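Peer 1: One file is attached below, work.cif, containing mmCIF, C-alpha atoms.
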```cif
data_data
loop_
_atom_site.label_atom_id
_atom_site.label_comp_id
_atom_site.auth_asym_id
_atom_site.auth_seq_id
_atom_site.Cartn_x
_atom_site.Cartn_y
_atom_site.Cartn_z
CA GLY A 129 70.21 71.02 43.72
CA GLU A 130 70.24 73.14 46.84
CA ASP A 131 73.77 72.51 48.07
CA VAL A 132 75.53 75.59 49.38
CA GLU A 133 79.16 74.65 49.86
CA GLN A 134 81.73 75.89 52.33
CA SER A 135 85.07 74.61 53.51
CA LEU A 136 84.74 73.00 56.90
CA PHE A 137 87.60 74.52 58.81
CA LEU A 138 89.85 77.60 58.92
CA SER A 139 92.59 78.39 61.40
CA VAL A 140 94.23 81.82 61.71
CA ARG A 141 96.34 83.75 64.18
CA GLU A 142 94.98 86.68 66.13
CA GLY A 143 95.45 89.91 64.19
CA ASP A 144 95.50 88.23 60.78
CA SER A 145 92.70 88.48 58.24
CA SER A 146 90.31 85.57 57.76
CA VAL A 147 88.59 84.78 54.49
CA ILE A 148 85.68 82.36 54.50
CA ASN A 149 84.38 81.22 51.13
CA CYS A 150 81.01 79.97 49.95
CA THR A 151 79.63 78.69 46.66
CA TYR A 152 75.91 78.95 46.22
CA THR A 153 73.54 77.40 43.75
CA ASP A 154 70.80 79.73 42.56
CA SER A 155 72.03 82.44 40.23
CA SER A 156 68.76 84.29 40.72
CA SER A 157 69.10 84.48 44.51
CA THR A 158 68.29 88.02 45.61
CA TYR A 159 69.98 88.13 49.00
CA LEU A 160 72.95 86.31 50.46
CA TYR A 161 73.74 86.24 54.14
CA TRP A 162 76.47 85.48 56.61
CA TYR A 163 75.54 84.11 60.02
CA LYS A 164 77.74 83.39 63.04
CA GLN A 165 77.13 80.59 65.53
CA GLU A 166 78.99 80.54 68.82
CA PRO A 167 79.25 77.23 70.70
CA GLY A 168 75.91 75.93 71.94
CA ALA A 169 73.99 78.96 70.68
CA GLY A 170 71.68 79.96 67.89
CA LEU A 171 72.72 81.78 64.74
CA GLN A 172 73.34 85.51 64.68
CA LEU A 173 73.02 87.48 61.46
CA LEU A 174 76.32 89.23 60.74
CA THR A 175 75.67 90.86 57.41
CA TYR A 176 73.92 90.41 54.10
CA ILE A 177 74.41 91.55 50.54
CA PHE A 178 71.91 92.24 47.82
CA SER A 179 72.60 90.48 44.55
CA ASN A 180 73.12 93.69 42.57
CA MET A 181 76.13 94.58 44.72
CA ASP A 182 79.70 93.34 44.35
CA MET A 183 80.97 94.35 47.75
CA LYS A 184 79.71 95.43 51.12
CA GLN A 185 81.85 96.62 54.00
CA ASP A 186 80.71 96.80 57.61
CA GLN A 187 83.46 97.69 60.10
CA ARG A 188 85.84 94.68 60.16
CA LEU A 189 83.66 92.66 57.79
CA THR A 190 83.89 92.75 53.99
CA VAL A 191 81.58 90.71 51.81
CA LEU A 192 82.51 90.06 48.18
CA LEU A 193 80.03 88.66 45.68
CA ASN A 194 80.91 87.16 42.31
CA LYS A 195 77.59 86.42 40.64
CA LYS A 196 79.15 84.93 37.54
CA ASP A 197 80.87 82.24 39.58
CA LYS A 198 78.16 82.15 42.30
CA HIS A 199 80.86 82.77 44.86
CA LEU A 200 80.51 84.65 48.11
CA SER A 201 83.24 85.45 50.61
CA LEU A 202 83.49 86.98 54.05
CA ARG A 203 86.69 88.70 55.09
CA ILE A 204 87.25 89.48 58.74
CA ALA A 205 90.01 92.02 59.29
CA ASP A 206 92.17 91.95 62.44
CA THR A 207 90.65 88.65 63.56
CA GLN A 208 90.21 88.29 67.31
CA THR A 209 89.85 85.22 69.53
CA GLY A 210 86.21 86.23 70.05
CA ASP A 211 85.65 85.66 66.34
CA SER A 212 86.13 81.92 66.85
CA ALA A 213 82.80 80.37 65.83
CA ILE A 214 81.05 78.61 62.99
CA TYR A 215 80.16 80.83 60.05
CA PHE A 216 77.29 79.98 57.74
CA CYS A 217 76.49 81.48 54.40
CA ALA A 218 72.90 81.33 53.18
CA GLU A 219 71.03 82.23 50.03
CA ARG A 220 67.45 83.28 49.64
CA MET A 221 65.94 81.03 47.01
CA ASN A 222 64.03 82.84 44.34
CA THR A 223 60.72 81.24 45.23
CA GLY A 224 57.46 82.67 46.46
CA PHE A 225 58.43 81.93 50.04
CA GLN A 226 61.21 83.40 52.17
CA LYS A 227 63.22 80.20 52.27
CA LEU A 228 66.90 80.36 53.09
CA VAL A 229 69.28 77.57 52.18
CA PHE A 230 72.29 77.36 54.46
CA GLY A 231 75.77 76.09 53.80
CA THR A 232 77.44 73.45 55.93
CA GLY A 233 79.29 76.05 57.97
CA THR A 234 82.99 76.90 58.36
CA ARG A 235 84.54 76.52 61.79
CA LEU A 236 86.96 79.40 62.38
CA LEU A 237 89.58 78.92 65.05
CA VAL A 238 91.59 81.98 66.08
CA SER A 239 94.73 81.28 68.07
CA PRO A 240 96.54 83.88 70.19
CA SER B 1363 62.42 94.76 70.54
CA GLN B 1364 61.79 91.24 69.39
CA THR B 1365 62.92 88.16 71.26
CA ILE B 1366 62.62 84.47 70.56
CA HIS B 1367 62.56 81.79 73.23
CA GLN B 1368 63.03 78.05 73.02
CA TRP B 1369 62.66 75.42 75.69
CA PRO B 1370 63.90 73.21 76.98
CA ALA B 1371 67.53 74.07 76.38
CA THR B 1372 68.62 70.44 76.59
CA LEU B 1373 66.70 67.20 76.54
CA VAL B 1374 67.64 63.53 76.84
CA GLN B 1375 64.90 61.15 75.76
CA PRO B 1376 64.78 57.38 75.20
CA VAL B 1377 63.97 55.91 71.82
CA GLY B 1378 60.22 55.54 71.36
CA SER B 1379 59.28 58.35 73.74
CA PRO B 1380 57.28 61.42 72.63
CA LEU B 1381 58.73 64.86 72.04
CA SER B 1382 57.49 68.41 72.38
CA LEU B 1383 59.72 71.43 71.80
CA GLU B 1384 58.31 74.90 72.11
CA CYS B 1385 59.23 78.19 70.53
CA THR B 1386 57.68 81.58 71.21
CA VAL B 1387 58.34 84.98 69.72
CA GLU B 1388 57.72 88.31 71.44
CA GLY B 1389 57.56 91.83 70.11
CA THR B 1390 56.19 91.17 66.64
CA SER B 1391 52.98 90.01 64.98
CA ASN B 1392 52.28 87.60 62.14
CA PRO B 1393 55.86 86.35 61.86
CA ASN B 1394 56.94 83.57 59.57
CA LEU B 1395 58.24 80.75 61.77
CA TYR B 1396 60.76 78.01 61.05
CA TRP B 1397 62.14 74.83 62.59
CA TYR B 1398 65.66 73.74 61.63
CA ARG B 1399 67.77 70.79 62.69
CA GLN B 1400 71.53 70.91 62.90
CA ALA B 1401 73.10 67.47 63.07
CA ALA B 1402 76.61 67.11 64.45
CA GLY B 1403 79.16 68.50 62.00
CA ARG B 1404 76.53 69.37 59.44
CA GLY B 1405 74.68 72.42 58.26
CA LEU B 1406 71.15 73.48 58.94
CA GLN B 1407 68.26 71.53 57.52
CA LEU B 1408 64.89 73.27 57.25
CA LEU B 1409 62.23 70.99 58.71
CA PHE B 1410 59.06 73.08 58.77
CA TYR B 1411 57.89 76.60 58.14
CA SER B 1412 54.66 78.42 58.89
CA VAL B 1413 53.16 81.57 57.45
CA GLY B 1414 50.21 81.69 59.86
CA ILE B 1415 48.18 79.96 62.55
CA GLY B 1416 47.51 76.38 61.57
CA GLN B 1417 49.51 76.71 58.34
CA ILE B 1418 52.46 74.33 58.33
CA SER B 1419 54.66 73.29 55.43
CA SER B 1420 57.02 70.36 55.69
CA GLU B 1421 60.31 70.38 53.84
CA VAL B 1422 61.38 66.79 54.35
CA PRO B 1423 59.48 63.60 55.20
CA GLN B 1424 60.35 62.52 58.69
CA ASN B 1425 59.29 61.35 62.08
CA LEU B 1426 58.47 64.84 63.27
CA SER B 1427 55.48 67.18 63.03
CA ALA B 1428 54.91 70.85 63.76
CA SER B 1429 51.98 72.93 64.91
CA ARG B 1430 51.22 76.61 65.34
CA PRO B 1431 48.36 76.96 67.78
CA GLN B 1432 48.90 80.70 68.30
CA ASP B 1433 50.36 83.48 66.18
CA ARG B 1434 53.71 83.54 67.97
CA GLN B 1435 53.96 79.94 69.15
CA PHE B 1436 55.54 77.11 67.17
CA ILE B 1437 55.75 73.55 68.47
CA LEU B 1438 57.82 70.64 67.20
CA SER B 1439 56.56 67.19 68.13
CA SER B 1440 57.09 63.50 67.68
CA LYS B 1441 55.01 60.54 68.82
CA LYS B 1442 57.97 58.16 68.92
CA LEU B 1443 61.57 59.37 68.82
CA LEU B 1444 64.25 57.63 66.77
CA LEU B 1445 67.98 57.68 67.41
CA SER B 1446 68.38 59.69 64.22
CA ASP B 1447 66.27 62.49 65.71
CA SER B 1448 69.20 63.54 67.90
CA GLY B 1449 70.53 66.98 67.06
CA PHE B 1450 70.37 70.68 67.76
CA TYR B 1451 66.95 72.14 66.98
CA LEU B 1452 66.67 75.78 66.13
CA CYS B 1453 63.56 77.90 65.82
CA ALA B 1454 63.65 81.10 63.79
CA TRP B 1455 61.33 83.89 62.76
CA SER B 1456 61.25 86.41 59.96
CA LEU B 1457 59.22 89.49 59.30
CA ARG B 1458 56.37 88.77 56.93
CA GLY B 1459 56.56 91.12 54.00
CA GLY B 1460 60.03 92.25 54.91
CA VAL B 1461 62.52 93.35 52.29
CA VAL B 1462 65.74 91.69 53.36
CA TYR B 1463 64.09 88.50 54.63
CA GLU B 1464 66.63 87.95 57.35
CA GLN B 1465 65.80 85.25 59.87
CA TYR B 1466 66.35 85.57 63.60
CA PHE B 1467 67.21 82.48 65.56
CA GLY B 1468 66.44 81.23 69.04
CA PRO B 1469 69.07 79.76 71.37
CA GLY B 1470 68.28 76.17 70.32
CA THR B 1471 67.43 72.88 72.01
CA ARG B 1472 70.00 70.09 72.23
CA LEU B 1473 68.14 66.76 71.90
CA THR B 1474 69.87 63.49 72.63
CA VAL B 1475 67.90 60.32 71.94
CA THR B 1476 69.32 57.32 73.81
#
```
Please express what this file holds, its structure, as structure tokens.

Peer 2:
Amino acid sequence: GEDVEQSLFLSVREGDSSVINCTYTDSSSTYLYWYKQEPGAGLQLLTYIFSNMDMKQDQRLTVLLNKKDKHLSLRIADTQTGDSAIYFCAERMNTGFQKLVFGTGTRLLVSP
Amino acid sequence: SQTIHQWPATLVQPVGSPLSLECTVEGTSNPNLYWYRQAAGRGLQLLFYSVGIGQISSEVPQNLSASRPQDRQFILSSKKLLLSDSGFYLCAWSLRGGVVYEQYFGPGTRLTVT
């Protein structure tokens, strides 16, 4: 199947770290992505990781990839109230077309 | 730089009425184009994608259709809306032949069918 799974909700305090998890389906996926959606808006690409990497760090964001378990995570260090949003992981299916399959999204709520 | 526009931003339509949502991309040529629907509390569902003018692929059978009359214009239509068509519709584009295949999204259209 094409179900990319995420937990629905995460609540953290400002200044703490947030970890958002994702389980994807296609072990041959070449790229995996994290998108952010603020209320009433479209999706914004945050970061991506190529499947031959285990980790990618970009300022406050750290992406970890476990290909054996098909598990992807996004860690946000020093979480701020402006990080409150829905976070989607997505995988690029290993087909001839550039199709992305998105997870259900994790709503992150950051409280002061 | 590239930009993607969608309109209208919000729409309230009665059941049985027609629908036309428009998406345009600026600053790039020959993009791949996509229509997604995001139902309340759910993830994104790919509805249609297009690799060129007049070339439309449908991902799921439904009450909707798509057209690409120009290179950077993508239209989502329906002849008769159903209640279940309510949702947040997102248009996206990606660079054809790109390496990372990231998709860039428009601001979305909130459709409420009453």

Peer 1: Any idea which chain B residues end up within 7 Å of chain A if we count all atoms listed in the file, as a PyMOL selection string please?

Peer 2: chain B and resi 1404-1406+1452+1463+1467-1470

Peer 1: Evaluated on this file, the PyMOL selection byres ((chain A and resi 150) around 7) picks out some residues - which ones are they, written as a short mmCIF file (atom, residue, chain, number, x, y, z; two decimals) with C-alpha atoms, in the frame of the given file?

Peer 2:
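Saved result, result_31.cif, follows:
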```
data_model
loop_
_atom_site.label_atom_id
_atom_site.label_comp_id
_atom_site.auth_asym_id
_atom_site.auth_seq_id
_atom_site.Cartn_x
_atom_site.Cartn_y
_atom_site.Cartn_z
CA GLU A 133 79.16 74.65 49.86
CA GLN A 134 81.73 75.89 52.33
CA ILE A 148 85.68 82.36 54.50
CA ASN A 149 84.38 81.22 51.13
CA THR A 151 79.63 78.69 46.66
CA TYR A 152 75.91 78.95 46.22
CA HIS A 199 80.86 82.77 44.86
CA LEU A 200 80.51 84.65 48.11
CA SER A 201 83.24 85.45 50.61
CA CYS A 217 76.49 81.48 54.40
#
```

Peer 1: Taking all atoms of stretch 1377-1391 of chain B that appear in the file, build a box with edges along x, y and z, extend it by 8 Å on every side, and state its centre and edge lengths in Å to one decimal, as JSON.

Peer 2:
```
{"center_x": 58.5, "center_y": 73.7, "center_z": 69.4, "size_x": 27.0, "size_y": 52.3, "size_z": 24.8}
```

Peer 1: Taking 2 positions as the minimum chain separation for residues in the same chain, which residues sit within 10 Å of B:Ser1420 when counting all atoms listed in the file? Answer as a list of chain:residue names.

Peer 2: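 Contacts, with the query itself left out: B:Trp1397, B:Leu1408, B:Leu1409, B:Phe1410, B:Tyr1411, B:Ser1412, B:Ile1418, B:Val1422, B:Pro1423, B:Gln1424, B:Leu1426, B:Ser1427, B:Ala1428.
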
Peer 1: Keeping only C-alpha atoms, write the selected residues as a compact mmCIF listing (two decimals), in the frame of the given file.

Peer 2:
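File part_15.txt, as written:
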```txt
# COMPACT_ATOMS: atom_id res chain seq x y z
CA TRP B 1397 62.14 74.83 62.59
CA LEU B 1408 64.89 73.27 57.25
CA LEU B 1409 62.23 70.99 58.71
CA PHE B 1410 59.06 73.08 58.77
CA TYR B 1411 57.89 76.60 58.14
CA SER B 1412 54.66 78.42 58.89
CA ILE B 1418 52.46 74.33 58.33
CA VAL B 1422 61.38 66.79 54.35
CA PRO B 1423 59.48 63.60 55.20
CA GLN B 1424 60.35 62.52 58.69
CA LEU B 1426 58.47 64.84 63.27
CA SER B 1427 55.48 67.18 63.03
CA ALA B 1428 54.91 70.85 63.76
```

Peer 1: Taking 4 positions as the minimum chain separation for residues in the same chain, which residues sit within 10 Å of B:Asp1447 when counting only C-alpha atoms? Answer as a list in words.

Peer 2: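 Here the answer would be Val1377, Arg1399, Ala1401, Gln1424, Asn1425, Leu1426, Ser1440, Lys1442, Leu1443, Tyr1451, Leu1473, Thr1474 and Val1475 of chain B.
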
Peer 1: Separation of atom CA of B:Ile1415 and atom CA of B:Ile1366, in Å?

Peer 2: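 Between atom CA of B:Ile1415 and atom CA of B:Ile1366 the gap is 17.1 Å.
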
Peer 1: Output the residue selection produced by the PyMOL selection byres ((chain B and resi 1456) around 6) on the file above, formatted as number ranges by chain.

Peer 2: B: 1393-1394, 1455, 1457, 1465

Peer 1: May I ask for the distance between atom CA of A:Tyr215 and atom CA of A:Trp162, given in Å to one decimal place?

Peer 2: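 Going from atom CA of A:Tyr215 over to atom CA of A:Trp162 covers 6.9 Å.
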
Peer 1: What is the atom CA of B:Pro1431 to atom CA of B:Gly1459 distance in Å?

Peer 2: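 If I compute the distance from atom CA of B:Pro1431 to atom CA of B:Gly1459, I get 21.4 Å.
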
Peer 1: Residues proximal to (91.5, 89.6, 64.1) were defined as those with any atom within 12 Å of that point in the file's coordinates, counting all atoms listed in the file. Which are they, as an MDAnalysis selection string?

Peer 2: chainID A and resid 139:147 188:189 203:212 236:240

Peer 1: Taking only C-alpha atoms into account, which of A:Lys196, A:Ser135, A:Ile214, A:Gln185 comes nearest A:Ser155?

Peer 2: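 For A:Ser155, the nearest of the candidates is A:Lys196.
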
Peer 1: Between B:Gln1368, B:Ser1429, B:Gln1407, B:Gln1435, which is the closest to B:Gly1449 once you count only C-alpha atoms?

Peer 2: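 Nearest candidate to B:Gly1449 out of B:Gln1368, B:Ser1429, B:Gln1407, B:Gln1435: B:Gln1407.
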
Peer 1: Tell me which residues the PyMOL selection byres ((chain B and resi 1391) around 8) grabs here, as a list in words.

Peer 2: Gly1389, Thr1390, Asn1392, Pro1393, Asp1433 and Arg1434 of chain B

Peer 1: Could you check which of A:Leu202, A:Val191, A:Thr153, A:Phe137 is closest to A:Met221, using all atoms listed in the file?

Peer 2: A:Thr153

Peer 1: Using all atoms listed in the file, can you tell me which of B:Ala1402, B:Leu1395, B:Leu1445, B:Val1374 comes closest to B:Ser1419?

Peer 2: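 Smallest distance to B:Ser1419 is found for B:Leu1395.
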
Peer 1: Smallest atom-to-atom distance to A:Leu174: which of B:Glu1464, B:Thr1471, B:Ala1454, B:Gln1417, using all atoms listed in the file?

Peer 2: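 Among the listed residues, the smallest separation from A:Leu174 belongs to B:Glu1464.
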
Peer 1: Counting only C-alpha atoms, which of A:Ala213, A:Asp186, A:Met181, A:Asn194 gets nearest to A:Lys164?

Peer 2: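 Under the stated criterion, the closest residue is A:Ala213.
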